[in-house]
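Remarks on the structure that follows.
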Amino acid sequence: MFMDIQQHDQFLHIRFSQQYSLHYGNSEEFKTQVLENYKHGQTVILDFQKLDFIDSAGLTALISIRKKILATQGSLKIVNIGERIQKLIQITRLHRVFEIYDSLEEAIESSKEKADQSNQSYSYDVKLQVEHTESYSLIKIEQPDSLIAANCQQFRDKIKTYLQKSDIIILNFDNLCNIDSEGIATLIHLNRYVREHNKKIFLVYNNQVLTRLFKLHFLDDLFPQFQTDEEAINAAESVALRQQVSPEQTLIVPESETVSDSESEFSDIHFLSSWKKMRKPC
């Protein structure tokens, strides 16, 4: 494979030494060479200046490379993408997944900025919009954002605080653009937390990038998922209603006690009245 691989102090620079196509026949070899030269926690910069064509197998290889690099605290950046490949990446919405820069210099500068932020223990809060009801709490990310190392601790703590108030939380991820390895670890942690505390989290999103990302990391079964708030709210209210009419609330009359017809009729009316009250919307 015609690749020029250069190891630097702060990053690994990989580019094609001549015009090249990345496709089904060579994508696995490409992935192998990239990962063999990658060092734990390193920034990898893929220079596509001489890449003329890439098919679905090539894109899959890039996604797999990114997954393995993120899992070891590294980062992947792509530079010098041609117009044809740029359009393909936008059509597949992978521009929301990959870090893409116009030049090698921009990618290097970005790596330096992130390193400085990391050294300063940079962090920030994801802005959330919260609506509490008797049955659930609906939490939305207010503006386009990512769930990454810089904010996942704060996000996790907030969600756990809301779970102390509500047994069911609906998380709307429509404005979530990206999740890194720390963000994925946060979701896995929350999944374990709700199972241990008999709580529930429903996810709402209609985002192809997140769909692919969850499937890639085998997270699509982590939480119940819905495309709209209305679907999740209906499910939450149904669960809340079942919890209200739990087996422990069933009235058991001892066989030794006899119940008159009038008493039986009164009990039925009382139960029906209580049921109607529970059926009223909150």
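By convention in this document, the chains of the structure tokens carry letters A, B, ... by their order, each chain's residues are numbered from 1, and ligands are numbered from 1 in the order they are shown.
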Pull the strand (DSSP E) assignments for stretch 167-219 of chain A out of DSSP run on the backbone, and list those residues as a PyMOL selection string.
chain A and resi 168-172+176-179+200-204
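In this comparison, which uses only C-alpha atoms, the residue of A:Tyr136, A:Phe155, A:Phe218, A:Phe11 approaching A:Lys200 most closely is A:Tyr136.
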Within 6 Å of A:Gly183 using only C-alpha atoms, minus same-chain residues under 5 positions, as a ChimeraX atom specification
/A:147-148,152
Would you export the selected residues with C-alpha atoms as a PDB file, in the first residue's frame, please?
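The resulting part_24.pdb:
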```pdb
ATOM      1  CA  LEU A 147     -21.095  14.078  25.280  1.00  0.00           C
ATOM      2  CA  ILE A 148     -17.340  13.985  25.755  1.00  0.00           C
ATOM      3  CA  CYS A 152     -19.626  13.700  30.881  1.00  0.00           C
TER       4      CYS A 152
END
```
Calculated over only C-alpha atoms, which of the candidates A:Thr60, A:Thr92, A:Arg195, A:Lys67 has the smallest distance to A:Leu163?
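Among A:Thr60, A:Thr92, A:Arg195, A:Lys67, it is A:Arg195 that comes nearest to A:Leu163.
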Run DSSP on the backbone of this structure and report the residues of stretch 127-189 of chain A it assigns to helix (DSSP H, G or I), as a PyMOL selection string.
chain A and resi 152-165+181-189
Expected file contents, prior selection, N, CA and C atoms, as a short mmCIF file (atom, residue, chain, number, x, y, z; two decimals), in the first residue's frame:
```cif
data_model
loop_
_atom_site.label_atom_id
_atom_site.label_comp_id
_atom_site.auth_asym_id
_atom_site.auth_seq_id
_atom_site.Cartn_x
_atom_site.Cartn_y
_atom_site.Cartn_z
N CYS A 152 -18.84 14.89 30.54
CA CYS A 152 -19.63 13.70 30.88
C CYS A 152 -19.78 13.51 32.39
N GLN A 153 -18.79 13.93 33.18
CA GLN A 153 -18.91 13.79 34.64
C GLN A 153 -20.05 14.65 35.16
N GLN A 154 -20.12 15.89 34.69
CA GLN A 154 -21.20 16.78 35.11
C GLN A 154 -22.55 16.26 34.64
N PHE A 155 -22.58 15.76 33.40
CA PHE A 155 -23.82 15.22 32.86
C PHE A 155 -24.30 14.02 33.68
N ARG A 156 -23.39 13.11 33.99
CA ARG A 156 -23.74 11.92 34.76
C ARG A 156 -24.28 12.30 36.14
N ASP A 157 -23.63 13.25 36.80
CA ASP A 157 -24.07 13.66 38.13
C ASP A 157 -25.45 14.30 38.09
N LYS A 158 -25.71 15.09 37.05
CA LYS A 158 -27.02 15.73 36.93
C LYS A 158 -28.12 14.69 36.74
N ILE A 159 -27.87 13.73 35.85
CA ILE A 159 -28.89 12.72 35.58
C ILE A 159 -29.17 11.89 36.83
N LYS A 160 -28.14 11.56 37.57
CA LYS A 160 -28.34 10.78 38.80
C LYS A 160 -29.12 11.60 39.84
N THR A 161 -28.91 12.91 39.85
CA THR A 161 -29.69 13.77 40.75
C THR A 161 -31.16 13.77 40.36
N TYR A 162 -31.42 13.86 39.06
CA TYR A 162 -32.82 13.84 38.59
C TYR A 162 -33.46 12.48 38.85
N LEU A 163 -32.67 11.42 38.79
CA LEU A 163 -33.21 10.08 39.06
C LEU A 163 -33.62 9.91 40.52
N GLN A 164 -33.09 10.74 41.39
CA GLN A 164 -33.52 10.71 42.78
C GLN A 164 -34.91 11.31 42.95
N LYS A 165 -35.32 12.14 41.98
CA LYS A 165 -36.64 12.77 42.03
C LYS A 165 -37.68 12.00 41.22
N SER A 181 -15.47 8.21 23.72
CA SER A 181 -15.38 7.01 24.55
C SER A 181 -15.80 7.28 25.99
N GLU A 182 -15.50 8.48 26.50
CA GLU A 182 -15.92 8.83 27.86
C GLU A 182 -17.44 8.97 27.94
N GLY A 183 -18.03 9.52 26.90
CA GLY A 183 -19.48 9.64 26.87
C GLY A 183 -20.15 8.28 26.83
N ILE A 184 -19.59 7.37 26.06
CA ILE A 184 -20.12 6.00 26.00
C ILE A 184 -20.02 5.34 27.37
N ALA A 185 -18.89 5.53 28.03
CA ALA A 185 -18.72 4.98 29.38
C ALA A 185 -19.75 5.56 30.34
N THR A 186 -20.09 6.83 30.15
CA THR A 186 -21.11 7.47 30.99
C THR A 186 -22.47 6.82 30.81
N LEU A 187 -22.86 6.54 29.57
CA LEU A 187 -24.14 5.88 29.32
C LEU A 187 -24.16 4.48 29.92
N ILE A 188 -23.06 3.77 29.81
CA ILE A 188 -22.98 2.42 30.39
C ILE A 188 -23.10 2.51 31.91
N HIS A 189 -22.46 3.51 32.50
CA HIS A 189 -22.55 3.71 33.96
C HIS A 189 -24.00 4.00 34.37
#
```
When you draw a straight line from atom CA of A:Tyr193 to atom CA of A:Thr72, how long is it in Å?
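For atom CA of A:Tyr193 relative to atom CA of A:Thr72, the distance reads 24.1 Å.
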